[in-house]
Structure formats: C-alpha cells, structure tokens
$ cat start-v2.cif   # mmCIF, N, CA and C atoms and all ligand atoms
data_query
#
loop_
_atom_site.label_atom_id
_atom_site.label_comp_id
_atom_site.auth_asym_id
_atom_site.auth_seq_id
_atom_site.Cartn_x
_atom_site.Cartn_y
_atom_site.Cartn_z
N MET V 1185 -19.13 57.46 -144.88
CA MET V 1185 -18.65 56.09 -144.63
C MET V 1185 -19.60 55.33 -143.74
N ALA V 1186 -19.79 54.05 -144.05
CA ALA V 1186 -20.66 53.21 -143.22
C ALA V 1186 -20.04 53.03 -141.84
N GLU V 1187 -20.90 52.77 -140.88
CA GLU V 1187 -20.41 52.57 -139.52
C GLU V 1187 -19.65 51.26 -139.39
N HIS V 1188 -18.70 51.24 -138.50
CA HIS V 1188 -17.91 50.03 -138.27
C HIS V 1188 -18.76 48.93 -137.63
N ARG V 1189 -18.71 47.74 -138.18
CA ARG V 1189 -19.40 46.58 -137.58
C ARG V 1189 -18.33 45.65 -137.02
N HIS V 1190 -18.40 45.36 -135.75
CA HIS V 1190 -17.42 44.46 -135.17
C HIS V 1190 -17.51 43.07 -135.79
N PHE V 1191 -16.39 42.40 -135.79
CA PHE V 1191 -16.26 41.07 -136.39
C PHE V 1191 -17.05 40.01 -135.60
N SER V 1192 -17.68 39.09 -136.35
CA SER V 1192 -18.21 37.89 -135.70
C SER V 1192 -18.06 36.71 -136.65
N ALA V 1193 -18.14 35.49 -136.11
CA ALA V 1193 -17.94 34.32 -136.95
C ALA V 1193 -18.73 33.14 -136.39
N GLN V 1194 -19.07 32.22 -137.28
CA GLN V 1194 -19.79 31.01 -136.90
C GLN V 1194 -19.12 29.80 -137.50
N TYR V 1195 -19.14 28.70 -136.75
CA TYR V 1195 -18.52 27.45 -137.17
C TYR V 1195 -19.61 26.40 -137.25
N GLN V 1196 -19.67 25.67 -138.38
CA GLN V 1196 -20.70 24.65 -138.51
C GLN V 1196 -20.18 23.45 -139.29
N GLU V 1197 -20.40 22.25 -138.74
CA GLU V 1197 -19.98 21.04 -139.46
C GLU V 1197 -21.12 20.56 -140.35
N LEU V 1198 -20.84 20.42 -141.65
CA LEU V 1198 -21.82 19.90 -142.60
C LEU V 1198 -21.50 18.43 -142.86
N GLU V 1199 -22.18 17.82 -143.84
CA GLU V 1199 -21.82 16.43 -144.14
C GLU V 1199 -20.59 16.37 -145.05
N ASN V 1200 -20.09 15.16 -145.29
CA ASN V 1200 -18.92 14.92 -146.15
C ASN V 1200 -17.64 15.60 -145.66
N GLY V 1201 -17.52 15.79 -144.36
CA GLY V 1201 -16.30 16.39 -143.83
C GLY V 1201 -16.10 17.83 -144.20
N ILE V 1202 -17.21 18.52 -144.49
CA ILE V 1202 -17.11 19.95 -144.82
C ILE V 1202 -17.43 20.78 -143.58
N ILE V 1203 -16.57 21.75 -143.32
CA ILE V 1203 -16.80 22.68 -142.22
C ILE V 1203 -17.05 24.06 -142.82
N GLU V 1204 -18.22 24.62 -142.51
CA GLU V 1204 -18.53 25.95 -143.04
C GLU V 1204 -18.26 27.00 -141.98
N ILE V 1205 -17.49 28.00 -142.37
CA ILE V 1205 -17.20 29.11 -141.46
C ILE V 1205 -17.74 30.39 -142.08
N THR V 1206 -18.60 31.06 -141.33
CA THR V 1206 -19.21 32.29 -141.81
C THR V 1206 -18.61 33.46 -141.06
N PHE V 1207 -18.00 34.36 -141.83
CA PHE V 1207 -17.40 35.55 -141.24
C PHE V 1207 -18.28 36.75 -141.54
N SER V 1208 -18.47 37.61 -140.55
CA SER V 1208 -19.09 38.88 -140.87
C SER V 1208 -18.49 40.01 -140.03
N GLY V 1209 -18.75 41.22 -140.49
CA GLY V 1209 -18.20 42.39 -139.82
C GLY V 1209 -17.02 42.96 -140.59
N ASP V 1210 -16.33 43.87 -139.95
CA ASP V 1210 -15.30 44.64 -140.65
C ASP V 1210 -13.87 44.25 -140.31
N LEU V 1211 -13.65 43.61 -139.20
CA LEU V 1211 -12.28 43.29 -138.80
C LEU V 1211 -11.36 44.50 -138.88
N GLY V 1212 -11.84 45.60 -138.41
CA GLY V 1212 -11.07 46.82 -138.60
C GLY V 1212 -10.60 47.51 -137.34
N CYS V 1213 -10.74 46.89 -136.19
CA CYS V 1213 -10.24 47.54 -134.98
C CYS V 1213 -9.56 46.51 -134.09
N ASP V 1214 -8.94 46.98 -133.02
CA ASP V 1214 -8.22 46.06 -132.13
C ASP V 1214 -9.14 45.03 -131.50
N GLN V 1215 -10.35 45.47 -131.14
CA GLN V 1215 -11.30 44.53 -130.53
C GLN V 1215 -11.66 43.42 -131.52
N CYS V 1216 -11.83 43.79 -132.81
CA CYS V 1216 -12.11 42.81 -133.85
C CYS V 1216 -10.97 41.80 -133.95
N ALA V 1217 -9.75 42.28 -133.89
CA ALA V 1217 -8.59 41.40 -134.00
C ALA V 1217 -8.57 40.41 -132.85
N VAL V 1218 -8.92 40.87 -131.65
CA VAL V 1218 -8.98 39.99 -130.48
C VAL V 1218 -10.07 38.94 -130.68
N GLU V 1219 -11.24 39.40 -131.16
CA GLU V 1219 -12.36 38.48 -131.43
C GLU V 1219 -11.96 37.43 -132.46
N PHE V 1220 -11.29 37.88 -133.52
CA PHE V 1220 -10.88 36.96 -134.56
C PHE V 1220 -9.95 35.90 -134.01
N ASP V 1221 -8.99 36.35 -133.21
CA ASP V 1221 -8.00 35.43 -132.65
C ASP V 1221 -8.68 34.40 -131.76
N LYS V 1222 -9.63 34.85 -130.93
CA LYS V 1222 -10.35 33.96 -130.03
C LYS V 1222 -11.13 32.91 -130.85
N PHE V 1223 -11.85 33.40 -131.86
CA PHE V 1223 -12.64 32.49 -132.69
C PHE V 1223 -11.74 31.47 -133.39
N SER V 1224 -10.66 31.96 -134.00
CA SER V 1224 -9.87 31.06 -134.83
C SER V 1224 -9.14 30.01 -134.00
N VAL V 1225 -8.75 30.34 -132.79
CA VAL V 1225 -8.10 29.34 -131.92
C VAL V 1225 -9.08 28.20 -131.65
N GLY V 1226 -10.33 28.53 -131.33
CA GLY V 1226 -11.36 27.51 -131.07
C GLY V 1226 -11.70 26.73 -132.32
N ALA V 1227 -11.89 27.43 -133.44
CA ALA V 1227 -12.26 26.78 -134.70
C ALA V 1227 -11.13 25.85 -135.16
N ASP V 1228 -9.89 26.30 -135.02
CA ASP V 1228 -8.75 25.48 -135.43
C ASP V 1228 -8.69 24.19 -134.64
N ARG V 1229 -8.98 24.30 -133.35
CA ARG V 1229 -8.98 23.11 -132.49
C ARG V 1229 -10.05 22.12 -132.99
N SER V 1230 -11.23 22.63 -133.34
CA SER V 1230 -12.31 21.77 -133.83
C SER V 1230 -11.97 21.14 -135.19
N ILE V 1231 -11.31 21.91 -136.05
CA ILE V 1231 -10.90 21.41 -137.37
C ILE V 1231 -9.93 20.23 -137.20
N ILE V 1232 -8.96 20.41 -136.33
CA ILE V 1232 -7.95 19.37 -136.11
C ILE V 1232 -8.58 18.12 -135.49
N LYS V 1233 -9.51 18.34 -134.55
CA LYS V 1233 -10.20 17.22 -133.90
C LYS V 1233 -11.01 16.43 -134.92
N LYS V 1234 -11.75 17.14 -135.77
CA LYS V 1234 -12.58 16.51 -136.80
C LYS V 1234 -11.71 15.68 -137.77
N ALA V 1235 -10.62 16.26 -138.23
CA ALA V 1235 -9.73 15.55 -139.17
C ALA V 1235 -9.16 14.29 -138.52
N LYS V 1236 -8.78 14.39 -137.26
CA LYS V 1236 -8.20 13.23 -136.56
C LYS V 1236 -9.25 12.14 -136.36
N GLU V 1237 -10.49 12.53 -136.06
CA GLU V 1237 -11.57 11.55 -135.90
C GLU V 1237 -11.84 10.82 -137.21
N ASP V 1238 -11.86 11.57 -138.31
CA ASP V 1238 -12.18 11.00 -139.63
C ASP V 1238 -10.98 10.32 -140.28
N LEU V 1239 -9.79 10.61 -139.78
CA LEU V 1239 -8.54 10.19 -140.43
C LEU V 1239 -8.46 10.69 -141.87
N GLN V 1240 -9.14 11.80 -142.11
CA GLN V 1240 -9.13 12.44 -143.42
C GLN V 1240 -9.05 13.95 -143.19
N LYS V 1241 -8.42 14.62 -144.12
CA LYS V 1241 -8.37 16.08 -144.02
C LYS V 1241 -9.77 16.65 -144.26
N VAL V 1242 -10.06 17.78 -143.65
CA VAL V 1242 -11.38 18.39 -143.80
C VAL V 1242 -11.40 19.35 -145.00
N ASN V 1243 -12.59 19.58 -145.51
CA ASN V 1243 -12.78 20.61 -146.53
C ASN V 1243 -13.41 21.82 -145.87
N LEU V 1244 -12.86 22.99 -146.18
CA LEU V 1244 -13.39 24.21 -145.57
C LEU V 1244 -14.19 25.01 -146.57
N LEU V 1245 -15.35 25.46 -146.12
CA LEU V 1245 -16.21 26.32 -146.92
C LEU V 1245 -16.31 27.64 -146.18
N ILE V 1246 -15.75 28.68 -146.76
CA ILE V 1246 -15.71 29.97 -146.07
C ILE V 1246 -16.71 30.93 -146.70
N ASN V 1247 -17.69 31.34 -145.91
CA ASN V 1247 -18.68 32.31 -146.37
C ASN V 1247 -18.19 33.70 -146.00
N ALA V 1248 -17.79 34.46 -147.03
CA ALA V 1248 -17.25 35.80 -146.79
C ALA V 1248 -18.24 36.89 -147.20
N ASN V 1249 -19.50 36.48 -147.44
CA ASN V 1249 -20.53 37.44 -147.89
C ASN V 1249 -20.70 38.63 -146.96
N GLY V 1250 -20.57 38.38 -145.66
CA GLY V 1250 -20.85 39.45 -144.69
C GLY V 1250 -19.62 40.24 -144.28
N LEU V 1251 -18.48 39.94 -144.92
CA LEU V 1251 -17.27 40.66 -144.54
C LEU V 1251 -17.20 42.04 -145.17
N GLY V 1252 -16.80 43.00 -144.41
CA GLY V 1252 -16.64 44.35 -144.93
C GLY V 1252 -15.16 44.64 -145.11
N ASN V 1253 -14.68 45.61 -144.37
CA ASN V 1253 -13.27 45.98 -144.46
C ASN V 1253 -12.38 44.99 -143.73
N LEU V 1254 -11.22 44.77 -144.28
CA LEU V 1254 -10.21 44.01 -143.56
C LEU V 1254 -8.99 44.90 -143.45
N LYS V 1255 -8.41 44.93 -142.29
CA LYS V 1255 -7.22 45.76 -142.11
C LYS V 1255 -6.04 44.88 -141.75
N ASP V 1256 -4.88 45.51 -141.75
CA ASP V 1256 -3.63 44.79 -141.50
C ASP V 1256 -3.59 44.06 -140.16
N VAL V 1257 -4.41 44.54 -139.20
CA VAL V 1257 -4.39 43.90 -137.87
C VAL V 1257 -4.70 42.41 -137.94
N VAL V 1258 -5.39 41.97 -139.02
CA VAL V 1258 -5.77 40.56 -139.07
C VAL V 1258 -4.76 39.67 -139.78
N VAL V 1259 -3.79 40.27 -140.45
CA VAL V 1259 -2.88 39.46 -141.26
C VAL V 1259 -2.12 38.46 -140.39
N SER V 1260 -1.57 38.94 -139.30
CA SER V 1260 -0.78 38.04 -138.45
C SER V 1260 -1.63 36.94 -137.80
N PRO V 1261 -2.79 37.26 -137.17
CA PRO V 1261 -3.62 36.16 -136.64
C PRO V 1261 -4.13 35.21 -137.73
N LEU V 1262 -4.43 35.72 -138.92
CA LEU V 1262 -4.88 34.86 -140.01
C LEU V 1262 -3.77 33.90 -140.45
N MET V 1263 -2.56 34.42 -140.56
CA MET V 1263 -1.44 33.57 -140.96
C MET V 1263 -1.15 32.51 -139.93
N GLN V 1264 -1.25 32.88 -138.65
CA GLN V 1264 -1.03 31.90 -137.59
C GLN V 1264 -2.09 30.81 -137.67
N SER V 1265 -3.33 31.21 -137.96
CA SER V 1265 -4.42 30.25 -138.05
C SER V 1265 -4.20 29.28 -139.20
N VAL V 1266 -3.81 29.79 -140.37
CA VAL V 1266 -3.56 28.93 -141.53
C VAL V 1266 -2.41 27.96 -141.22
N ASP V 1267 -1.38 28.47 -140.57
CA ASP V 1267 -0.24 27.61 -140.22
C ASP V 1267 -0.64 26.47 -139.29
N ARG V 1268 -1.52 26.77 -138.33
CA ARG V 1268 -1.96 25.74 -137.38
C ARG V 1268 -2.73 24.62 -138.06
N THR V 1269 -3.53 24.97 -139.07
CA THR V 1269 -4.49 23.99 -139.58
C THR V 1269 -4.19 23.43 -140.97
N LYS V 1270 -3.26 24.00 -141.71
CA LYS V 1270 -3.16 23.61 -143.12
C LYS V 1270 -2.84 22.13 -143.32
N ALA V 1271 -2.15 21.52 -142.37
CA ALA V 1271 -1.85 20.09 -142.49
C ALA V 1271 -3.11 19.23 -142.36
N TYR V 1272 -4.18 19.81 -141.85
CA TYR V 1272 -5.44 19.07 -141.64
C TYR V 1272 -6.50 19.46 -142.65
N GLU V 1273 -6.14 20.33 -143.59
CA GLU V 1273 -7.10 20.83 -144.56
C GLU V 1273 -6.85 20.26 -145.94
N ASN V 1274 -7.93 19.82 -146.56
CA ASN V 1274 -7.87 19.32 -147.91
C ASN V 1274 -8.03 20.53 -148.84
N ARG V 1275 -9.26 20.88 -149.15
CA ARG V 1275 -9.50 22.06 -149.97
C ARG V 1275 -10.19 23.15 -149.15
N THR V 1276 -9.93 24.39 -149.53
CA THR V 1276 -10.61 25.53 -148.91
C THR V 1276 -11.28 26.34 -150.02
N ALA V 1277 -12.60 26.46 -149.94
CA ALA V 1277 -13.36 27.23 -150.92
C ALA V 1277 -13.93 28.47 -150.25
N VAL V 1278 -13.62 29.63 -150.81
CA VAL V 1278 -14.11 30.90 -150.26
C VAL V 1278 -15.16 31.45 -151.22
N TYR V 1279 -16.34 31.77 -150.70
CA TYR V 1279 -17.33 32.37 -151.60
C TYR V 1279 -17.85 33.69 -151.05
N GLY V 1280 -18.24 34.56 -151.99
CA GLY V 1280 -18.80 35.85 -151.62
C GLY V 1280 -17.78 36.89 -151.17
N ALA V 1281 -16.50 36.63 -151.46
CA ALA V 1281 -15.48 37.57 -150.98
C ALA V 1281 -15.36 38.80 -151.87
N PRO V 1282 -15.42 40.00 -151.30
CA PRO V 1282 -15.17 41.21 -152.08
C PRO V 1282 -13.70 41.26 -152.53
N PRO V 1283 -13.39 42.03 -153.60
CA PRO V 1283 -12.04 42.06 -154.18
C PRO V 1283 -10.92 42.32 -153.18
N LEU V 1284 -11.15 43.23 -152.23
CA LEU V 1284 -10.10 43.53 -151.25
C LEU V 1284 -9.75 42.32 -150.42
N ILE V 1285 -10.75 41.54 -150.11
CA ILE V 1285 -10.52 40.36 -149.29
C ILE V 1285 -9.79 39.29 -150.09
N LYS V 1286 -10.15 39.18 -151.38
CA LYS V 1286 -9.43 38.24 -152.26
C LYS V 1286 -7.95 38.55 -152.27
N THR V 1287 -7.63 39.83 -152.39
CA THR V 1287 -6.23 40.24 -152.43
C THR V 1287 -5.51 39.85 -151.15
N LEU V 1288 -6.16 40.12 -150.03
CA LEU V 1288 -5.54 39.81 -148.74
C LEU V 1288 -5.36 38.30 -148.57
N VAL V 1289 -6.41 37.54 -148.95
CA VAL V 1289 -6.32 36.08 -148.81
C VAL V 1289 -5.25 35.52 -149.74
N ASP V 1290 -5.17 36.06 -150.96
CA ASP V 1290 -4.12 35.63 -151.89
C ASP V 1290 -2.73 35.82 -151.29
N THR V 1291 -2.54 36.95 -150.65
CA THR V 1291 -1.26 37.24 -150.01
C THR V 1291 -0.96 36.20 -148.93
N ILE V 1292 -1.95 35.94 -148.09
CA ILE V 1292 -1.76 35.00 -146.99
C ILE V 1292 -1.51 33.58 -147.53
N VAL V 1293 -2.24 33.22 -148.58
CA VAL V 1293 -2.08 31.91 -149.19
C VAL V 1293 -0.65 31.76 -149.74
N ALA V 1294 -0.17 32.81 -150.38
CA ALA V 1294 1.19 32.77 -150.94
C ALA V 1294 2.22 32.66 -149.81
N LEU V 1295 2.04 33.44 -148.76
CA LEU V 1295 3.01 33.45 -147.67
C LEU V 1295 3.02 32.15 -146.88
N THR V 1296 1.87 31.51 -146.78
CA THR V 1296 1.79 30.28 -145.98
C THR V 1296 1.94 29.03 -146.86
N ARG V 1297 2.05 29.23 -148.17
CA ARG V 1297 2.17 28.12 -149.13
C ARG V 1297 1.02 27.12 -149.01
N HIS V 1298 -0.17 27.64 -148.80
CA HIS V 1298 -1.37 26.81 -148.75
C HIS V 1298 -1.94 26.85 -150.16
N ASP V 1299 -1.78 25.76 -150.93
CA ASP V 1299 -2.09 25.88 -152.36
C ASP V 1299 -3.48 25.38 -152.77
N GLU V 1300 -4.30 24.92 -151.83
CA GLU V 1300 -5.62 24.42 -152.22
C GLU V 1300 -6.73 25.39 -151.80
N VAL V 1301 -6.59 26.65 -152.18
CA VAL V 1301 -7.59 27.65 -151.84
C VAL V 1301 -8.13 28.25 -153.13
N ARG V 1302 -9.46 28.27 -153.29
CA ARG V 1302 -10.06 28.90 -154.47
C ARG V 1302 -11.24 29.77 -154.08
N PHE V 1303 -11.54 30.72 -154.98
CA PHE V 1303 -12.65 31.64 -154.76
C PHE V 1303 -13.81 31.30 -155.68
N PHE V 1304 -15.02 31.44 -155.18
CA PHE V 1304 -16.23 31.18 -155.96
C PHE V 1304 -17.23 32.29 -155.72
N SER V 1305 -18.13 32.47 -156.72
CA SER V 1305 -19.17 33.49 -156.55
C SER V 1305 -20.30 32.96 -155.68
N THR V 1306 -20.61 31.66 -155.84
CA THR V 1306 -21.75 31.13 -155.11
C THR V 1306 -21.36 29.94 -154.24
N ARG V 1307 -22.18 29.69 -153.24
CA ARG V 1307 -21.98 28.57 -152.33
C ARG V 1307 -22.09 27.25 -153.08
N GLU V 1308 -23.01 27.17 -154.06
CA GLU V 1308 -23.22 25.93 -154.83
C GLU V 1308 -21.95 25.55 -155.59
N GLU V 1309 -21.35 26.51 -156.28
CA GLU V 1309 -20.11 26.24 -157.03
C GLU V 1309 -19.00 25.79 -156.07
N ALA V 1310 -18.94 26.44 -154.93
CA ALA V 1310 -17.91 26.09 -153.94
C ALA V 1310 -18.09 24.65 -153.48
N LEU V 1311 -19.33 24.26 -153.21
CA LEU V 1311 -19.60 22.89 -152.75
C LEU V 1311 -19.27 21.85 -153.82
N VAL V 1312 -19.55 22.16 -155.07
CA VAL V 1312 -19.23 21.24 -156.17
C VAL V 1312 -17.73 20.96 -156.18
N TRP V 1313 -16.94 22.03 -156.07
CA TRP V 1313 -15.48 21.86 -156.08
C TRP V 1313 -15.00 21.07 -154.87
N LEU V 1314 -15.56 21.36 -153.70
CA LEU V 1314 -15.13 20.65 -152.49
C LEU V 1314 -15.44 19.16 -152.57
N ASN V 1315 -16.56 18.82 -153.20
CA ASN V 1315 -16.99 17.42 -153.27
C ASN V 1315 -16.47 16.68 -154.50
N ALA V 1316 -15.69 17.38 -155.34
CA ALA V 1316 -15.28 16.80 -156.63
C ALA V 1316 -14.31 15.63 -156.48
N GLU V 1317 -13.57 15.62 -155.40
CA GLU V 1317 -12.57 14.56 -155.20
C GLU V 1317 -12.68 14.02 -153.80
N PRO V 1318 -12.28 12.75 -153.60
CA PRO V 1318 -12.26 12.23 -152.23
C PRO V 1318 -11.27 13.03 -151.40
N ARG V 1319 -11.56 13.20 -150.13
CA ARG V 1319 -10.65 13.92 -149.23
C ARG V 1319 -9.37 13.11 -149.04
N ALA V 1320 -8.27 13.81 -148.94
CA ALA V 1320 -6.98 13.14 -148.69
C ALA V 1320 -7.00 12.55 -147.29
N SER V 1321 -6.33 11.41 -147.14
CA SER V 1321 -6.26 10.85 -145.79
C SER V 1321 -5.21 11.60 -144.98
N LEU V 1322 -5.35 11.48 -143.68
CA LEU V 1322 -4.47 12.24 -142.79
C LEU V 1322 -3.15 11.53 -142.61
ZN ZN V 1401 -14.31 46.26 -134.43
#
$ encode --input "start-v2.cif" --output "structure tokens" --more "lines below"
Ligand SMILES: [Zn+2]
Amino acid sequence: MAEHRHFSAQYQELENGIIEITFSGDLGCDQCAVEFDKFSVGADRSIIKKAKEDLQKVNLLINANGLGNLKDVVVSPLMQSVDRTKAYENRTAVYGAPPLIKTLVDTIVALTRHDEVRFFSTREEALVWLNAEPRASL
C-alpha cells in the first residue's frame, strides 16, 4: 500500500466568478479531517464574500486530480461545508475525481440536495460547462 499523504488544499479566484479549489492528499486520518475542516471554513467564508460582492452566485471548479483515499471522517465536515455555501453557489464542476470520490460526492450531493454538481474528465470541459450560462443572481 502507498504511504498516507496528509490532506492539503488551495483556493484561487479565476475570472468570471469562478473559484478553483485544488484538493490533494488522502483525507484518511484525524489530522487530515482537522486540516479539511480548517480549510473549508476559510474557503467558505471567501466564497460567501465573493458572491455578496458580485451579487451573483459563484461557480466552483474542483480539482480532484491529487486526491487519494477518502474516508468516512470527511463526510460530516464536507456536508457542513456544502450546507454553509450552497445558497451562494451556482454550478460546481468536479474534474479528475477517482470513482471512489465520485461515489462519496454523489452521496453528499444527494443528502444536501445540492443539484448543480457535475463530474468531468478534464478541466477544459469543466470550464465550458461553468461558463455556459450566466451566473444566477444572489
Ligand atoms: Zn492524514
């Protein structure tokens, strides 16, 4: 088995109200869960601030290329994060997600009733979908 890589994440504002979040690591231990929670609280605050400034919901671009294992420890912080921000989110495009992560995200999407989430193989396809329609106003 490959060695455990602790979770890390990056937040970046692109043009057209798109926020790209890059996740990497395994999210497989308690320390990872703490890191995830810390990151998502800060990122959520920035997402809400950006949407309020623009008076438009933001589009999220999630780069999951570097994600390895996901364990149950992240389900609860992930759901809390989606609940905090979904009113400020237009579309969410996830690219590069391995099958296990798709399954987990699908579960969270169903539980939180966040219906504008799609998966893509490439960043280009994800961007096309995000830019296909004007962002909803807040
Ligand atoms: Zn870890």
$ residues_around --input "start-v2.cif" --residues "Pro1261 (chain V)" --least-positions-apart "3" --cutoff "8 Å" --atoms "only N, CA and C atoms" --output "PyMOL selection string"
chain V and resi 1217+1220-1221+1224+1256-1258+1264-1267
$ residues_near_ligand --input "start-v2.cif" --ligand "ligand ZN 1401 (chain V)" --cutoff "12 Å" --atoms "only C-alpha atoms and all ligand atoms" --output "JSON, numbers by chain"
{"V": [1187, 1188, 1189, 1190, 1191, 1192, 1208, 1209, 1210, 1211, 1212, 1213, 1214, 1215, 1216, 1217, 1218, 1219, 1220, 1251, 1252, 1253, 1254, 1255, 1257, 1258]}
$ residues_around --input "start-v2.cif" --residues "region 1271-1282 of chain V" --least-positions-apart "4" --cutoff "6 Å" --atoms "only N, CA and C atoms" --output "NGL selection string"
:V and (1241-1249 or 1286 or 1300-1307 or 1310 or 1320)
$ select_by_dssp --input "start-v2.cif" --residues "region 1187-1292 of chain V" --states "strand (DSSP E or B)" --output "PyMOL selection string"
chain V and resi 1192-1197+1202-1209+1240+1242-1251+1273-1279
$ select_by_dssp --input "start-v2.cif" --residues "region 1199-1313 of chain V" --states "alpha helix (DSSP H)" --output "ChimeraX atom specification"
/V:1214-1238,1259-1269,1283-1296,1307-1313
$ residues_around --input "start-v2.cif" --residues "Arg1229 (chain V)" --least-positions-apart "5" --cutoff "8 Å" --atoms "all atoms listed in the file" --output "list in words"
Phe1223, Ser1224, Lys1234, Ala1235, Arg1268 and Thr1269 of chain V
$ write_last_selection --input "start-v2.cif" --atoms "N, CA and C atoms" --output "compact mmCIF listing (two decimals), keeping the file's coordinate frame"
# COMPACT_ATOMS: atom_id res chain seq x y z
N PHE V 1223 -11.85 33.40 -131.86
CA PHE V 1223 -12.64 32.49 -132.69
C PHE V 1223 -11.74 31.47 -133.39
N SER V 1224 -10.66 31.96 -134.00
CA SER V 1224 -9.87 31.06 -134.83
C SER V 1224 -9.14 30.01 -134.00
N LYS V 1234 -11.75 17.14 -135.77
CA LYS V 1234 -12.58 16.51 -136.80
C LYS V 1234 -11.71 15.68 -137.77
N ALA V 1235 -10.62 16.26 -138.23
CA ALA V 1235 -9.73 15.55 -139.17
C ALA V 1235 -9.16 14.29 -138.52
N ARG V 1268 -1.52 26.77 -138.33
CA ARG V 1268 -1.96 25.74 -137.38
C ARG V 1268 -2.73 24.62 -138.06
N THR V 1269 -3.53 24.97 -139.07
CA THR V 1269 -4.49 23.99 -139.58
C THR V 1269 -4.19 23.43 -140.97
$ atom_distance --input "start-v2.cif" --atom1 "atom C of Leu1239 (chain V)" --atom2 "atom N of Gly1226 (chain V)"
20.8 Å
$ atom_distance --input "start-v2.cif" --atom1 "CA of Asn1200 (chain V)" --atom2 "CA of Pro1318 (chain V)"
9.4 Å
$ atom_distance --input "start-v2.cif" --atom1 "CA of Gln1194 (chain V)" --atom2 "CA of Thr1206 (chain V)"
5.1 Å
$ axis_aligned_box --input "start-v2.cif" --around "region 1202-1215 of chain V" --padding-each-side "6 Å" --output "JSON"
{"center_x": -13.7, "center_y": 33.0, "center_z": -137.7, "size_x": 23.0, "size_y": 41.0, "size_z": 26.3}
$ residues_near_point --input "start-v2.cif" --point "(-15.5, 20.6, -142.3)" --cutoff "7 Å" --atoms "only C-alpha atoms" --output "ChimeraX atom specification"
/V:1197-1198,1201-1204,1231,1242-1244
$ residues_around --input "start-v2.cif" --residues "Ile1292 (chain V)" --least-positions-apart "3" --cutoff "8 Å" --atoms "only N, CA and C atoms" --output "ChimeraX atom specification"
/V:1259,1262-1263,1266,1286-1289,1295-1298
$ write_last_selection --input "start-v2.cif" --atoms "N, CA and C atoms" --output "tab-separated table (two decimals), keeping the file's coordinate frame"
chain	number	residue	atom	x	y	z
V	1259	VAL	N	-3.79	40.27	-140.45
V	1259	VAL	CA	-2.88	39.46	-141.26
V	1259	VAL	C	-2.12	38.46	-140.39
V	1262	LEU	N	-4.43	35.72	-138.92
V	1262	LEU	CA	-4.88	34.86	-140.01
V	1262	LEU	C	-3.77	33.90	-140.45
V	1263	MET	N	-2.56	34.42	-140.56
V	1263	MET	CA	-1.44	33.57	-140.96
V	1263	MET	C	-1.15	32.51	-139.93
V	1266	VAL	N	-3.81	29.79	-140.37
V	1266	VAL	CA	-3.56	28.93	-141.53
V	1266	VAL	C	-2.41	27.96	-141.22
V	1286	LYS	N	-10.15	39.18	-151.38
V	1286	LYS	CA	-9.43	38.24	-152.26
V	1286	LYS	C	-7.95	38.55	-152.27
V	1287	THR	N	-7.63	39.83	-152.39
V	1287	THR	CA	-6.23	40.24	-152.43
V	1287	THR	C	-5.51	39.85	-151.15
V	1288	LEU	N	-6.16	40.12	-150.03
V	1288	LEU	CA	-5.54	39.81	-148.74
V	1288	LEU	C	-5.36	38.30	-148.57
V	1289	VAL	N	-6.41	37.54	-148.95
V	1289	VAL	CA	-6.32	36.08	-148.81
V	1289	VAL	C	-5.25	35.52	-149.74
V	1295	LEU	N	2.04	33.44	-148.76
V	1295	LEU	CA	3.01	33.45	-147.67
V	1295	LEU	C	3.02	32.15	-146.88
V	1296	THR	N	1.87	31.51	-146.78
V	1296	THR	CA	1.79	30.28	-145.98
V	1296	THR	C	1.94	29.03	-146.86
V	1297	ARG	N	2.05	29.23	-148.17
V	1297	ARG	CA	2.17	28.12	-149.13
V	1297	ARG	C	1.02	27.12	-149.01
V	1298	HIS	N	-0.17	27.64	-148.80
V	1298	HIS	CA	-1.37	26.81	-148.75
V	1298	HIS	C	-1.94	26.85	-150.16
$ decode --input "start-v2.cif" --residues "region 1191-1221 of chain V" --atoms "C-alpha atoms" --output "short mmCIF file (atom, residue, chain, number, x, y, z; two decimals), in the first residue's frame"
data_model
loop_
_atom_site.label_atom_id
_atom_site.label_comp_id
_atom_site.auth_asym_id
_atom_site.auth_seq_id
_atom_site.Cartn_x
_atom_site.Cartn_y
_atom_site.Cartn_z
CA PHE V 1191 -4.59 16.40 3.04
CA SER V 1192 -3.89 19.84 1.60
CA ALA V 1193 -5.94 22.32 -0.41
CA GLN V 1194 -5.61 25.55 -2.36
CA TYR V 1195 -8.14 28.29 -3.07
CA GLN V 1196 -7.86 30.51 -6.14
CA GLU V 1197 -10.19 33.08 -7.69
CA LEU V 1198 -10.26 32.96 -11.51
CA GLU V 1199 -12.15 35.27 -13.85
CA ASN V 1200 -15.94 35.13 -14.49
CA GLY V 1201 -16.72 34.43 -10.84
CA ILE V 1202 -15.06 31.03 -10.91
CA ILE V 1203 -13.30 29.80 -7.79
CA GLU V 1204 -10.92 26.90 -8.27
CA ILE V 1205 -10.24 24.64 -5.33
CA THR V 1206 -7.47 22.08 -5.60
CA PHE V 1207 -7.55 19.18 -3.20
CA SER V 1208 -4.72 16.76 -2.68
CA GLY V 1209 -3.75 14.04 -0.28
CA ASP V 1210 -5.66 11.16 1.23
CA LEU V 1211 -8.03 12.63 3.80
CA GLY V 1212 -7.63 9.43 5.70
CA CYS V 1213 -6.70 10.32 9.26
CA ASP V 1214 -7.89 12.54 12.09
CA GLN V 1215 -5.26 15.18 11.34
CA CYS V 1216 -6.48 15.30 7.71
CA ALA V 1217 -10.05 15.80 8.91
CA VAL V 1218 -8.92 18.72 11.10
CA GLU V 1219 -6.99 20.21 8.16
CA PHE V 1220 -10.00 19.82 5.89
CA ASP V 1221 -12.29 21.50 8.39
#
